[in-house]
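> If you scroll down you'll find the structure; I have some questions about it.
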Amino acid sequence: MCRDMPPLELAIQFHGHICPGLLMGVRASEFAIQHLELERDRDEELLAVVETNSCGVDAIQAILGCTFGKGNLIFKDYGKAVYTIASRDKGRAVRIAQKYNANRSPLFARYRELNNKAELTSQEKTEQENLLGQIFESIMTAPFEDIFQWREVDFSFPDKAEIRKTLECSVCGEGVMDARAVITANEIVCPTCCIDKGGE
Amino acid sequence: MCEANVYINRNGKEELLMEKVDRIIPGDENNIFMESIFGERRVVQARIKEMQLVHHRIILEEIKRAAEFQEQEIWLTLDTEHGHFHDGEEIKLNLFKGYNMKANQDYTFSNPQVFMQQYGKSRECPLHINESMIEVNLGEEADGLIQIYARESGDKELYAKIFVEVGHHHHHGVEPAGLPLEIIPGNYQHARMGENYEIQVLKNGLPLSGAKVKATYTGTSNNDYPHHLVTDDDGKSSLFLTARGNYLFSVADEDIISTFTLTKSF
Ligand SMILES: [Zn+2]
Ligand SMILES: [Zn+2]
């Protein structure tokens with residue numbers, strides 16, 4: 001890489017395409033950086049609790065460095081575009097919630113309509129490209145409070161994850177973390193094998 | 001409250017085009033110029049379909065431009081993936097002819113010339129005429145920020161301009177190349193997606209206000225230019241960049257068409 005990549009570009013490269021959801025995540029991430037006064041090297045000290053698993057979370061991962069692999073991304077399957085970003089160093093956390101009306105304008109509705117179509121005519125492709133351009137500009141230039149609401153929240157950091165033991169599954173022979181294995185008197189069974197056996 | 005919201009009918013759907021418009025001027029070639037009380041300006045290819053004055057609504061109907069009307073223009077691109085060259089790299093550019101960044105395969109150039117300009121000096125570059133474009137090779141010696149422009153005289157006088165950056169330097173502002181009609185980038189260093197980008201149009205070295213500038217980007221599926229801008233009293237206008245690729249700005253005045261290729265670092 002030749003230069004420091006801007007956050008927007010980081011998110012697009014990570015996510016693979018530009019879409020309204022990703023751009024919303026970019027705005028939320030940039031707000032967290034600014035509001036919590038985060039430094040560039042912030043990976044390890046941040047924690048994100050995300051209440052959705054859609055496009056916007058990829059911006060959180062790419063820009064804030066909160067990822068599944070590092071264990072500083074916690075997913076709560078609530079189906080809500082809500083991100084809580086906490087800084088260990090600053091001892092502060094901000095809860096950022098996308099407003100219900102943020103993506104309700106006719107532009108978004110039409111974009112989603114086209115996006116859900118299995119196949120687009122060339123005219124529709126052009127329409128979608130132009131719609132995305134307009135949505136892009138509207139998301140990136142909207143006053144933050146128009147599309148998100150936020151508040152500082154109390155946040156207690158979970159203890160650092162302890163290293164768990166890996167056991168060998170008696171059925172498939174693959175390794176499984178001890179906390180996830182079903183251990184009986186004479187067998188250690190991994191969740192995969194448990195489910196395949198109908199939970200026997 | 002005397003201003004109106006302007007809507008446009010596109011493919012049978014009504015879209016809000018601009019809010020609180022206080023000036024609408026129908027121009028030639030089916031253009032409509034509008035300006036809002038916030039100073040936003042826009043030109044669309046459309047005609048007025050209905051004016052609902054009590055409801056402060058003006059409804060336009062889009063006019064699709066036929067391909068035959070498309071003027072041929074020339075533009076330059078850098079033959080590199082990432083927007084700039086490194087020291088010691090061979091510096092190559094391409095010159096195309098066509099419209100809306102879509103090269104015309106049956107192009108014919110009549111006596112094209114390409115010049116490189118740096119530190120106030122200009123020199124002509126050797127050209128390699130290829131099947132679908134013209135190649136310009138500046139060799140490996142060049143360094144710093146170089147302005148390249150191309151010229152072709154036919155029915156119309158065509159100009160194209162681009163900047164080449166070799167190595168990582170910091171440049172503040174760029175000088176006009178001195179073309180009769182020219183687009184000047186406001187901030188050469190800072191062209192990023194997700195931000196506004198300002199350009200200025202000069203005619204014979206002076207700001208040209210009210211100039212219609214078209215803008216497009218690499219890989220657009222639009223047949224015609226997707227963006228239409230109008231310059232203000234200082235000859236300036238800006239565009240919010242939403243595409244990943246490079247942008248092409250084009251301005252026409254009298255018998256001159258002049259383009260500027262904006263190479264984004266990202
Ligand atoms: Zn997406
Ligand atoms: Zn198993």
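Labels used: A, B, ... for chains in the order of the structure tokens, numbers from 1 for residues in each chain, and numbers from 1 for ligands as shown.
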At a cut-off of 12 Å around ligand 2, and using only C-alpha atoms and all ligand atoms, what residues come up? Please write them as a PyMOL selection string.
chain A and resi 167-177+180-183+187-197
> Mind checking which residues fall within 10 Å of Ala48 (chain A), counting only C-alpha atoms, ignoring those fewer than 3 positions away in the same chain, and posting them as a list in words?
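Listed by chain and then number, they are Glu51, Val57, Ile60, Gln61, Leu64, Gly65, Cys66, Thr67, Gly71, Asn72, Leu73, Ile74, Phe75, Tyr83, Thr84, Ile85, Ala86, Ser87, Ala93, Val94 and Arg95 of chain A.
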> Define the interface residues of chain A facing chain B as those within 10 Å, counting only C-alpha atoms, and report them as a PyMOL selection string.
chain A and resi 1-3+5-6+8-10+12+18+23+106-107+110+122-130+132-137+139-141
> Neighbours of region 53-63 of chain B within 12 Å (only C-alpha atoms; same-chain residues fewer than 4 positions away dropped), as a PyMOL selection string?
chain B and resi 1-24+26+29-34+43-49+224
> Could the residues in this selection be saved with N, CA and C atoms as a compact mmCIF listing (two decimals), in the first residue's frame?

# COMPACT_ATOMS: atom_id res chain seq x y z
N MET B 1 -43.14 32.21 1.31
CA MET B 1 -42.59 31.00 0.67
C MET B 1 -42.94 30.98 -0.81
N CYS B 2 -41.99 31.39 -1.63
CA CYS B 2 -42.27 31.44 -3.06
C CYS B 2 -41.50 30.39 -3.83
N GLU B 3 -40.55 29.72 -3.17
CA GLU B 3 -39.78 28.75 -3.92
C GLU B 3 -40.53 27.42 -4.04
N ALA B 4 -40.07 26.59 -4.94
CA ALA B 4 -40.77 25.33 -5.22
C ALA B 4 -39.80 24.15 -5.16
N ASN B 5 -40.37 22.98 -4.97
CA ASN B 5 -39.56 21.77 -5.08
C ASN B 5 -39.68 21.27 -6.52
N VAL B 6 -38.55 20.86 -7.08
CA VAL B 6 -38.56 20.38 -8.47
C VAL B 6 -38.45 18.86 -8.48
N TYR B 7 -39.38 18.25 -9.18
CA TYR B 7 -39.38 16.79 -9.31
C TYR B 7 -39.08 16.44 -10.75
N ILE B 8 -38.55 15.27 -10.96
CA ILE B 8 -38.31 14.82 -12.34
C ILE B 8 -38.92 13.45 -12.53
N ASN B 9 -39.51 13.28 -13.68
CA ASN B 9 -40.12 12.01 -14.05
C ASN B 9 -39.09 11.19 -14.81
N ARG B 10 -38.63 10.13 -14.18
CA ARG B 10 -37.65 9.27 -14.84
C ARG B 10 -38.20 7.87 -14.93
N ASN B 11 -38.27 7.34 -16.09
CA ASN B 11 -38.78 5.98 -16.29
C ASN B 11 -40.11 5.79 -15.55
N GLY B 12 -40.96 6.78 -15.65
CA GLY B 12 -42.29 6.67 -15.06
C GLY B 12 -42.35 6.92 -13.57
N LYS B 13 -41.20 7.24 -12.94
CA LYS B 13 -41.20 7.48 -11.49
C LYS B 13 -40.86 8.95 -11.22
N GLU B 14 -41.48 9.47 -10.20
CA GLU B 14 -41.22 10.86 -9.84
C GLU B 14 -40.16 10.92 -8.74
N GLU B 15 -39.13 11.70 -8.96
CA GLU B 15 -38.08 11.83 -7.94
C GLU B 15 -37.91 13.30 -7.59
N LEU B 16 -37.61 13.55 -6.35
CA LEU B 16 -37.30 14.91 -5.95
C LEU B 16 -35.91 15.26 -6.48
N LEU B 17 -35.83 16.33 -7.23
CA LEU B 17 -34.55 16.69 -7.85
C LEU B 17 -33.84 17.76 -7.04
N MET B 18 -34.60 18.77 -6.65
CA MET B 18 -33.99 19.84 -5.86
C MET B 18 -35.07 20.53 -5.03
N GLU B 19 -34.71 20.84 -3.81
CA GLU B 19 -35.66 21.50 -2.92
C GLU B 19 -35.46 23.00 -2.94
N LYS B 20 -36.53 23.72 -2.63
CA LYS B 20 -36.50 25.17 -2.47
C LYS B 20 -35.76 25.88 -3.62
N VAL B 21 -36.27 25.63 -4.81
CA VAL B 21 -35.69 26.24 -6.01
C VAL B 21 -36.30 27.62 -6.20
N ASP B 22 -35.43 28.60 -6.41
CA ASP B 22 -35.99 29.93 -6.64
C ASP B 22 -35.70 30.47 -8.03
N ARG B 23 -34.96 29.70 -8.83
CA ARG B 23 -34.67 30.16 -10.19
C ARG B 23 -34.66 28.97 -11.13
N ILE B 24 -35.40 29.09 -12.21
CA ILE B 24 -35.37 28.05 -13.24
C ILE B 24 -35.23 28.74 -14.58
N PRO B 26 -34.91 27.78 -18.56
CA PRO B 26 -34.79 26.79 -19.64
C PRO B 26 -33.74 27.27 -20.63
N GLU B 29 -30.79 23.31 -26.21
CA GLU B 29 -30.57 21.85 -26.22
C GLU B 29 -31.34 21.14 -25.11
N ASN B 30 -32.54 21.62 -24.81
CA ASN B 30 -33.38 20.99 -23.78
C ASN B 30 -32.78 20.98 -22.39
N ASN B 31 -31.89 21.91 -22.13
CA ASN B 31 -31.33 21.99 -20.78
C ASN B 31 -32.22 22.87 -19.91
N ILE B 32 -32.31 22.50 -18.64
CA ILE B 32 -32.96 23.37 -17.68
C ILE B 32 -31.99 23.64 -16.55
N PHE B 33 -31.76 24.92 -16.32
CA PHE B 33 -30.87 25.31 -15.25
C PHE B 33 -31.74 25.67 -14.04
N MET B 34 -31.32 25.20 -12.86
CA MET B 34 -32.07 25.59 -11.66
C MET B 34 -31.12 25.92 -10.52
N VAL B 43 -28.03 21.46 -13.73
CA VAL B 43 -28.59 21.51 -15.08
C VAL B 43 -29.06 20.12 -15.43
N VAL B 44 -30.27 20.00 -15.91
CA VAL B 44 -30.75 18.69 -16.33
C VAL B 44 -31.26 18.75 -17.76
N GLN B 45 -31.18 17.61 -18.40
CA GLN B 45 -31.73 17.49 -19.74
C GLN B 45 -33.18 17.10 -19.55
N ALA B 46 -34.06 18.06 -19.63
CA ALA B 46 -35.46 17.79 -19.35
C ALA B 46 -36.31 18.92 -19.89
N ARG B 47 -37.62 18.70 -19.89
CA ARG B 47 -38.52 19.81 -20.19
C ARG B 47 -39.56 19.90 -19.08
N ILE B 48 -40.14 21.08 -18.93
CA ILE B 48 -41.12 21.25 -17.87
C ILE B 48 -42.43 20.59 -18.29
N LYS B 49 -42.92 19.72 -17.40
CA LYS B 49 -44.12 18.97 -17.72
C LYS B 49 -45.33 19.63 -17.08
N ASP B 224 -25.01 8.69 -21.40
CA ASP B 224 -24.57 10.08 -21.43
C ASP B 224 -23.89 10.38 -20.09
> Around ligand 1, out to 8 Å and counting only C-alpha atoms and all ligand atoms, which residues are there? I want them as a ChimeraX atom specification.
/A:15-22,54-56
> Please produce a file of those selected residues containing N, CA, C and O atoms, as a tab-separated table (two decimals), in the first residue's frame.

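Written file, result.tsv:
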chain	number	residue	atom	x	y	z
A	15	HIS	N	-15.29	-4.95	2.39
A	15	HIS	CA	-16.66	-5.43	2.14
A	15	HIS	C	-16.84	-5.94	0.72
A	15	HIS	O	-17.67	-6.81	0.47
A	16	GLY	N	-16.07	-5.41	-0.22
A	16	GLY	CA	-16.13	-5.88	-1.59
A	16	GLY	C	-17.04	-5.08	-2.51
A	16	GLY	O	-16.94	-5.18	-3.72
A	17	HIS	N	-17.95	-4.32	-1.95
A	17	HIS	CA	-18.78	-3.46	-2.80
A	17	HIS	C	-19.23	-2.24	-1.99
A	17	HIS	O	-19.09	-2.22	-0.78
A	18	ILE	N	-19.79	-1.27	-2.70
A	18	ILE	CA	-20.35	-0.10	-2.02
A	18	ILE	C	-21.85	-0.32	-1.91
A	18	ILE	O	-22.49	-0.69	-2.88
A	19	CYS	N	-22.38	-0.15	-0.74
A	19	CYS	CA	-23.83	-0.24	-0.58
A	19	CYS	C	-24.25	0.70	0.55
A	19	CYS	O	-23.43	1.09	1.37
A	20	PRO	N	-25.53	1.06	0.60
A	20	PRO	CA	-25.98	2.01	1.63
A	20	PRO	C	-25.65	1.55	3.05
A	20	PRO	O	-25.20	2.35	3.87
A	21	GLY	N	-25.83	0.26	3.32
A	21	GLY	CA	-25.57	-0.25	4.67
A	21	GLY	C	-24.13	-0.05	5.09
A	21	GLY	O	-23.83	0.35	6.23
A	22	LEU	N	-23.21	-0.31	4.17
A	22	LEU	CA	-21.79	-0.13	4.47
A	22	LEU	C	-21.49	1.33	4.78
A	22	LEU	O	-20.76	1.65	5.73
A	54	SER	N	-25.29	-7.34	9.41
A	54	SER	CA	-25.35	-6.95	8.00
A	54	SER	C	-24.20	-6.01	7.63
A	54	SER	O	-23.31	-5.75	8.42
A	55	CYS	N	-24.26	-5.50	6.39
A	55	CYS	CA	-23.17	-4.74	5.76
A	55	CYS	C	-22.41	-3.76	6.67
A	55	CYS	O	-21.19	-3.70	6.64
A	56	GLY	N	-23.15	-2.98	7.47
A	56	GLY	CA	-22.53	-1.94	8.29
A	56	GLY	C	-21.44	-2.46	9.22
A	56	GLY	O	-20.47	-1.75	9.51
> Show which residues sit within 8 Å of region 99-104 of chain A, as a PyMOL selection string. Count only C-alpha atoms, and ignore same-chain residues fewer than 3 positions away.
chain A and resi 107-109+146-149
> For the atom pair CA of Thr259 (chain B) and CA of Ile129 (chain B), what is the interatomic distance in Å to one decimal place?
20.3 Å
> Which residues come within 8 Å of region 87-89 of chain B, counting only C-alpha atoms, excluding same-chain residues fewer than 5 positions away, as a PyMOL selection string?
chain B and resi 139-141+143+166-167
> Excluding Pro7 (chain A) and any residue of its chain fewer than 3 positions from it, enumerate the residues within 9 Å of it, using only C-alpha atoms, and give them as a VMD selection string.
chain A and resid 10 to 12 26 29 to 30 59 62 to 64
> Would you please work out which residue, of A:Arg27, A:Gln13, A:Thr166, A:Ala185, is nearest to Ser138 (chain A) when using only C-alpha atoms?
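Of A:Arg27, A:Gln13, A:Thr166, A:Ala185, the one nearest Ser138 (chain A), counting only C-alpha atoms, is A:Arg27.
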> Which residue out of B:Gln147, B:Asn137, B:Gln105, B:Ser153 has the minimum interatomic distance to Lys121 (chain B) when only C-alpha atoms are used?
B:Gln147
> Restricting the calculation to only C-alpha atoms, which member of B:Ala252, B:Gly178, B:Glu81, B:Glu73 is positioned closest to Met101 (chain B)?
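Using only C-alpha atoms, the shortest distance to Met101 (chain B) belongs to B:Glu73.
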> What is the distance between CA of Gly91 (chain A) and CA of Ala32 (chain A), in Å to one decimal?
13.5 Å
> Can you list, as a compact mmCIF listing (two decimals) with C-alpha atoms, in the first residue's frame, all residues belonging to region 22-166 of chain A that DSSP tags as strand (DSSP E)?

# COMPACT_ATOMS: atom_id res chain seq x y z
CA LEU A 46 -11.46 -1.12 21.39
CA LEU A 47 -14.46 -3.32 21.73
CA ALA A 48 -17.56 -3.25 19.56
CA VAL A 49 -20.89 -4.77 20.38
CA VAL A 50 -22.95 -5.00 17.21
CA LEU A 73 -16.34 -7.81 18.11
CA ILE A 74 -19.34 -9.11 19.96
CA PHE A 75 -22.40 -9.99 17.96
CA VAL A 82 -26.96 -0.50 16.66
CA TYR A 83 -23.25 -0.35 17.44
CA THR A 84 -21.74 0.19 20.87
CA ILE A 85 -18.10 1.15 20.66
CA ALA A 86 -16.06 1.10 23.86
CA SER A 87 -12.53 2.30 24.46
CA ARG A 92 -15.76 5.43 27.69
CA ALA A 93 -18.35 3.89 25.44
CA VAL A 94 -20.83 5.28 22.94
CA ARG A 95 -23.98 3.59 21.72
CA ILE A 96 -24.81 4.54 18.15
CA ALA A 97 -28.22 3.62 16.78
CA GLN A 98 -29.32 4.18 13.22
CA PHE A 148 -28.12 8.29 13.95
CA GLN A 149 -28.88 8.84 17.57
CA TRP A 150 -26.15 8.29 20.11
CA ARG A 151 -25.44 8.45 23.80
CA GLU A 152 -22.58 7.68 26.10
CA VAL A 153 -23.19 4.48 28.04
CA THR A 166 -9.06 -28.30 22.81
> Residues within 12 Å of Leu76 (chain B), please, as a PyMOL selection string. Count only C-alpha atoms; anything in the same chain fewer than 6 positions from it doesn't count.
chain B and resi 92-98+101+103+113-115+133-136+147-151+158-164+246-250+258-263
> Can you list every residue in region 140-194 of chain A that DSSP puts in helix (DSSP H, G or I), as a list of chain:residue names?
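The helix (DSSP H, G or I) residues within region 140-194 of chain A come out as A:Met140, A:Thr141, A:Phe144, A:Glu145, A:Asp146, A:Ile147, A:Asp178, A:Ala179, A:Arg180, A:Pro191, A:Thr192, A:Cys193, A:Cys194.
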> I need the residues from that last selection saved to file as a PDB file, in the first residue's frame (with C-alpha atoms), if you can.

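Final output, out_26.pdb:
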ATOM      1  CA  MET A 140     -22.002  10.944   3.629  1.00  0.00           C
ATOM      2  CA  THR A 141     -23.189  14.555   3.790  1.00  0.00           C
ATOM      3  CA  PHE A 144     -24.862  12.815  11.852  1.00  0.00           C
ATOM      4  CA  GLU A 145     -27.856  13.402  14.119  1.00  0.00           C
ATOM      5  CA  ASP A 146     -30.205  13.147  11.148  1.00  0.00           C
ATOM      6  CA  ILE A 147     -29.331   9.522  10.567  1.00  0.00           C
ATOM      7  CA  ASP A 178     -13.800 -27.867  25.894  1.00  0.00           C
ATOM      8  CA  ALA A 179     -16.582 -25.407  26.722  1.00  0.00           C
ATOM      9  CA  ARG A 180     -18.438 -26.388  23.536  1.00  0.00           C
ATOM     10  CA  PRO A 191     -21.605 -29.820  18.558  1.00  0.00           C
ATOM     11  CA  THR A 192     -21.498 -30.833  14.882  1.00  0.00           C
ATOM     12  CA  CYS A 193     -21.725 -34.518  15.698  1.00  0.00           C
ATOM     13  CA  CYS A 194     -24.316 -33.870  18.387  1.00  0.00           C
TER      14      CYS A 194
END
> Just to confirm, what's the straight-line distance from CA of Ile91 (chain B) to CA of Pro126 (chain B) in Å (one decimal)?
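Interatomic distance here is 12.7 Å.
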